[in-house]
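Trainee: Got a structure for you, questions after.
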4 protein chains.
Amino acid sequence: MAGDPGGEQLRMSKQQSTLARLMKLQGDLRVDFITSPALQGNALGDPAERPLAVYLPPHYDPESSKRYPVLYCLHGYTGDVAGLLAARPWEWNVVQRMDRLIVRQQMEPALLVIVDGFTRLGGSQYVNSIHNGDYATYVTRDVIGHIDGVYRSVASEGGRAVFGKSSGGFGALHLCMNYPGYFAAFASHSGDSYFRYADPPLFVQAQRALEKFDWDIAKFVEHFEEANKRPQSDYATMELLGYTSAYSPRSAAAFDFDLPFDRKTGEIRDDVWARWRAFDPAEICTAKQAELARLRLRYLDCGRRDEYALDVGARVLASRMREMGLDVRHEEFDDDHRNVGYRYEVSLPALAGVLERA
Amino acid sequence: MAGDPGGEQLRMSKQQSTLARLMKLQGDLRVDFITSPALQGNALGDPAERPLAVYLPPHYDPESSKRYPVLYCLHGYTGDVAGLLAARPWEWNVVQRMDRLIVRQQMEPALLVIVDGFTRLGGSQYVNSIHNGDYATYVTRDVIGHIDGVYRSVASEGGRAVFGKSSGGFGALHLCMNYPGYFAAFASHSGDSYFRYADPPLFVQAQRALEKFDWDIAKFVEHFEEANKRPQSDYATMELLGYTSAYSPRSAAAFDFDLPFDRKTGEIRDDVWARWRAFDPAEICTAKQAELARLRLRYLDCGRRDEYALDVGARVLASRMREMGLDVRHEEFDDDHRNVGYRYEVSLPALAGVLERA
Amino acid sequence: MAGDPGGEQLRMSKQQSTLARLMKLQGDLRVDFITSPALQGNALGDPAERPLAVYLPPHYDPESSKRYPVLYCLHGYTGDVAGLLAARPWEWNVVQRMDRLIVRQQMEPALLVIVDGFTRLGGSQYVNSIHNGDYATYVTRDVIGHIDGVYRSVASEGGRAVFGKSSGGFGALHLCMNYPGYFAAFASHSGDSYFRYADPPLFVQAQRALEKFDWDIAKFVEHFEEANKRPQSDYATMELLGYTSAYSPRSAAAFDFDLPFDRKTGEIRDDVWARWRAFDPAEICTAKQAELARLRLRYLDCGRRDEYALDVGARVLASRMREMGLDVRHEEFDDDHRNVGYRYEVSLPALAGVLERA
Amino acid sequence: MAGDPGGEQLRMSKQQSTLARLMKLQGDLRVDFITSPALQGNALGDPAERPLAVYLPPHYDPESSKRYPVLYCLHGYTGDVAGLLAARPWEWNVVQRMDRLIVRQQMEPALLVIVDGFTRLGGSQYVNSIHNGDYATYVTRDVIGHIDGVYRSVASEGGRAVFGKSSGGFGALHLCMNYPGYFAAFASHSGDSYFRYADPPLFVQAQRALEKFDWDIAKFVEHFEEANKRPQSDYATMELLGYTSAYSPRSAAAFDFDLPFDRKTGEIRDDVWARWRAFDPAEICTAKQAELARLRLRYLDCGRRDEYALDVGARVLASRMREMGLDVRHEEFDDDHRNVGYRYEVSLPALAGVLERA
């Protein structure tokens with residue numbers, strides 16, 4: 001792992017980066033490129049070098065002794081660091097929102113780190129996969145290691161939170177439930193949960209699409225990559241492949257994984273489906289009481305018109321955590337799965353508020 | 001200009017009915033109103049008297065000794081007899097299609113009977129339900145009894161086929177699998193099958209909608225009935241209620257049935273869900289080998305873009321019947337769930353072709 | 001179980017028709033078939049014989065001396081008599097609504113007559129066209145003549161109103177503005193008006209579609225008629241052809257009319273467009289003060305989300321009539337162009353309330 | 001005007017910018033911030049300082065004597081520089097496409113400059129407006145001046161082309177037709193043309209939306225800016241306001257412009273509409289023969305399913321230019337208005353191919 005915090009960082013204290021200026025931030029934004037051993041040699045040929053975006057609040061001073069808690073942001077499926085840094089008129093990306101919240105003193109200053117979990121199949125779900133690479137290790141070891149090595153972060157569990165939307169929310173849940181000791185809080189916005197509603201609709205679309213490619217997955221993926229435009233069902237198929245590569249890989253050979261449905265008929269393969277469900281936060285949370293109990297904040301929200309029924313997923317999760325005697329902050333709102341970044345206005349102050357400072 | 005009022009009743013015995021004329025049939029169409037003991041006293045207050053549409057092919061003569069096989073048509077969910085008789089410019093309803101097929105000699109003449117299986121909740125699924133009434137008995141005993149008593153039908157199993165689209169296809173499968181001896185053939189067009197894909201999406205929509213009505217189902221139903229316009233999710237909720245009243249009724253008291261999901265979270269209630277799945281043709285067909293084996297024709301088709309994944313349902317069904325050693329006519333086509341009446345051009349000749357004539 | 005076959009023709013003179021029973025009316029419904037000289041020999045080969053649906057309110061007695069005012073209903077583009085008689089679960093067609101209003105004593109009893117103005121191109125707009133036939137004459141002379149000859153109608157201008165939705169509303173406006181002396185009132189629901197917004201979008205779709213058919217209109221029409229399913233743009237193209245055949249015909253030869261756009265580029269042909277606009281109620285109303293002034297009721301409504309901007313059309317019309325010193329009943333509501341039959345609950349009582357009775 | 005090409009530019013020759021790395025370019029990308037006198041003191045309070053993105057092809061060397069032609073890219077309505085620099089997985093923005101084309105030697109190396117023409121109302125249309133500021137002057141004087149002053153560009157008409165999509169295509173047409181001598185070629189992708197189809201549908205949506213705000217435009221704009229989500233009709237309304245501020249401004253006071261429709265009824269105000277049409281390339285091109293004739297390349301394309309009928313606009317324009325004896329490269333393709341960036345693969349090499357090099 002070799003970050004490159006050299007020349008640019010020096011500049012940071014005196015002059016904003018181009019990106020920060022384009023986004024009209026008051027704080028600063030830099031992008032480091034780190035190389036993660038955990039991602040090397042993966043079956044998809046995805047790079048081990050990844051961009052890592054780091055937001056520094058106003059008055060951040062690398063020379064000072066002051067340290068900041070860190071919010072780790074995990075993007076959703078089809079996202080990546082560049083995608084989350086996109087700035088569009090009349091919209092606010094996560095960096096712009098956090099900068100504004102801090103400037104308006106609606107949240108405590110903190111660092112924001114945006115992690116790149118993209119794969120050639122659209123996303124890693126932030127899990128360790130024999131096929132995709134060890135994305136959980138990459139986040140918890142390599143990304144955190146870089147940040148704590150280079151920035152003035154509170155370098156301990158109590159100073160870190162992890163959050164994200166959709167697959168990013170799933171990632172936050174997954175890391176907290178399975179890798180205790182790294183994060184003290186999570187926020188899952190419309191996070192993948194209760195797969196029984198969310199995922200089977202993808203099986204059908206993928207069965208239809210892949211049959212047209214004679215089950216040659218490489219051919220489908222190349223077709224997808226080269227297309228000028230793609231029907232929604234192709235996105236759903238890619239999504240299915242992404243999840244399959246994370247939840248039911250078979251080996252480290254490219255595209256060698258078990259589809260959760262029968263190729264001929266499309267019916268559910270319950271053996272593979274069980275492997276998927278072993279990743280479902282709604283199903284496994286009851287076995288993760290200790291991991292969940294050590295957290296300072298458990299935050300869940302979802303729109304009540306979520307197309308993947310993740311509102312049910314959040315309800316199930318909240319209900320089970322409460323049955324375990326754990327507090328949960330659980331909110332619902334009248335919206336669907338898309339463009340709910342305005343919910344960060346609720347979660348980011350809450351996360352920053354419970355973390356340690358120094 | 002020559003109006004022709006008053007003459008209609010004279011024409012009726014010899015000439016076409018008004019409906020037949022409106023539909024530009026060459027055969028005739030009449031609507032009987034029959035009263036079914038099987039439907040009396042149901043919880044929903046639905047009438048025991050039902051319209052029964054009977055199409056008579058050209059040259060049908062009640063005085064002749066010639067007898068015709070009978071195709072029983074079961075409408076889909078939200079359908080009824082009046083709905084199936086609707087005639088729209090540039091469209092062909094099932095009666096018009098069958099009339100045209102016979103006139104063009106693309107199928108053998110037969111009677112067509114359209115059965116009314118509507119309930120206040122949108123459809124009976126043609127099953128016997130302690131809550132809705134005994135719709136299977138109504139079809140197999142009361143409807144068939146009326147037809148064989150009044151018309152020149154081939155009054156035996158070998159002279160009858162049953163078909164329908166969507167819930168009508170399900171009804172055809174249900175009656176053939178569970179009430180052997182009445183029908184010699186079925187055609188299921190986009191028929192409900194493999195509930196695991198088709199039904200859970202309804203649970204989510206219903207959970208959200210009914211929560212807004214504080215789980216007062218009567219209130220929701222009245223609201224639905226009185227609305228000028230209804231969102232799609234209200235239709236889905238009604239559909240969920242219709243299926244619940246058929247598959248998991250609790251008593252003969254109005255709206256007393258078990259929802260297949262938890263009210264608070266929306267998660268699937270596996271105990272109730274198992275009761276539903278006991279009606280799923282794809283799941284129970286393996287136990288119905290004898291009933292299926294006695295049939296002369298087993299016809300399934302579905303569009304490969306079916307929104308309820310009933311193409312998978314048809315594939316599973318076809319696959320399992322073939323594993324039992326049974327022939328199946330199984331076709332797929334490039335379309336979705338709506339307006340696939342043109343498929344009758346394939347199924348009706350096939351059904352008429354295997355039935356007994358006299 | 002008690003079927004009731006055979007008795008139907010006996011019932012007919014005293015009892016309800018099959019259609020009335022299917023629709024669960026308390027009044028009665030019959031369908032006459034009249035032959036109109038005005039429609040004979042038209043270029044499209046459309047029949048001169050047309051169905052004419054006549055609703056008779058409860059207690060209507062052909063032997064009595066009592067006479068009823070008559071509401072003439074004009075269907076919209078793509079509609080016909082059979083289409084308006086379609087009855088669907090949870091919906092109310094115009095006959096069912098009027099029957100219910102009378103039964104509930106929310107409107108004065110009246111006859112309802114549904115006129116068939118369909119053509120092979122989807123609709124006549126109820127105008128006299130050298131190409132399509134003289135639909136205005138057909139309505140004002142042949143249809144009215146039949147009704148007044150056969151039914152106990154108030155056979156004078158003061159006893160007749162005309163109404164409809166969309167192109168039916170346009171027809172009502174057109175007949176009242178151009179054929180004074182037949183009707184004493186109109187109701188235009190979402191009626192075509194202010195063509196400058198409503199029609200040009202059709203030009204573009206038609207230009208694209210017809211180019212694919214090398215401008216062979218007959219070929220397009222046949223393709224349309226034979227299709228199992230049609231894209232929305234094909235409907236728009238047919239609609240454009242329907243309007244063209246009504247507003248800018250060139251001769252009595254089939255499909256000989258002037259398209260309102262340039263074939264090569266698609267740009268508007270202002271000469272033809274001017275012929276269209278000469279039919280636009282919003283444009284010509286100022287020249288029709290006398291015809292409008294003699295009416296007892298001028299009723300306009302439209303949804304504020306009308307896809308054809310006919311809400312603007314109604315506003316322009318209402319505004320200009322008021323500038324002429326005429327009273328207008330003009331209502332708006334929060335809906336689009338589709339399924340606004342519930343508005344009849346407002347217009348039908350209003351129309352029936354101003355007509356002469358005897 | 002004060003560009004800021006200081007410190008960062010020095011770095012450029014040795015190390016890629018962060019943005020270039022995030023976009024995985026082989027060339028480099030920098031963003032200058034320039035201050036334009038032409039934009040100062042505008043009614044909307046939009047900044048006079050604007051980002052200007054400059055792509056430098058591989059081997060670009062500020063110390064060398066080699067000079068490159070320059071392609072000026074104008075974004076569409078709702079776009080800005082940051083928006084065009086957004087990079088999303090599986091997509092290629094204009095910079096990435098051009099870099100790839102050059103690397104693959106599918107086009108001659110050139111500079112690419114992305115101009116910011118955003119206003120608070122969503123876009124300037126690149127016209128001089130008493131209300132918005134003088135965007136045409138800003139581009140032709142200030143932007144070109146900066147580029148030619150700082151970069152190794154071919155600093156003459158023969159070395160410059162201008163292109164864009166949608167309103168960016170309009171801008172390219174507008175600048176070439178009205179400001180001869182700056183650019184030697186244009187490419188208009190789905191560019192605004194033939195307003196008679198494209199614009200009136202916006203009037204209706206705006207009339208409905210603004211009425212709800214009692215015609216308080218400032219209030220509507222603030223509501224729009226603060227909304228988490230916006231209905232499509234709000235975007236259409238904003239678009240209407242943007243065009244109005246460009247085509248029919250009344251003064252330099254905020255929101256003081258003439259709407260092209262009557263507030264009360266929504267009907268078209270032909271006087272204002274005439275002012276709009278004076279900007280329509282399809283209408284004015286016949287008066288711009290000299291300006292068009294001096295160009296080396298006139299490139300137009302549009303999808304045949306363009307929602308604004310800009311395919312007709314391109315056809316009219318191509319037809320009229322050909323009638324003037326001018327060559328036009330005019331292409332059509334099977335797509336709609338959205339995401340047609342892949343068309344740059346055709347236009348960019350064509351533009352680069354006709355420009356002067358040194």
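The chains in the structure tokens are called A, B, ... from first to last as shown; in each chain the residues are counted from 1, and the ligands are counted from 1 in the order shown.
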List the neighbours of Leu348 in chain C out to 9 Å using only C-alpha atoms; skip same-chain residues closer than 2 positions along the sequence, and give me the result as a ChimeraX atom specification.
Mentor: /C:71,98,101,107,163,187,343-346,350-353
Trainee: Give me, as a VMD selection string, the contact residues of chain B against chain A at a cut-off of 6 Å, counting only C-alpha atoms.
Mentor: chain B and resid 265 to 266 312 315 to 316
Trainee: Write out as a list in words each polymer residue whose atoms come within 9 Å of Pro109 in chain D, counting only C-alpha atoms; drop sequence neighbours fewer than 5 positions from it.
Mentor: Leu56, Pro57, Pro58, Tyr68, Pro69, Met98, Asp99, Leu101, Ile102, Val103 and Ala352 of chain D
Trainee: Kindly give the distance, in Å, that separates CA of Leu112 in chain C and CA of Ala161 in chain C, rounded to a single decimal.
Mentor: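 Going from CA of Leu112 in chain C over to CA of Ala161 in chain C covers 9.8 Å.
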Trainee: Residues near Cys73 in chain A, anyone? I mean within 7 Å using only C-alpha atoms, not counting same-chain ones fewer than 3 positions away, as an MDAnalysis selection string.
Mentor: chainID A and resid 113:115 162:164
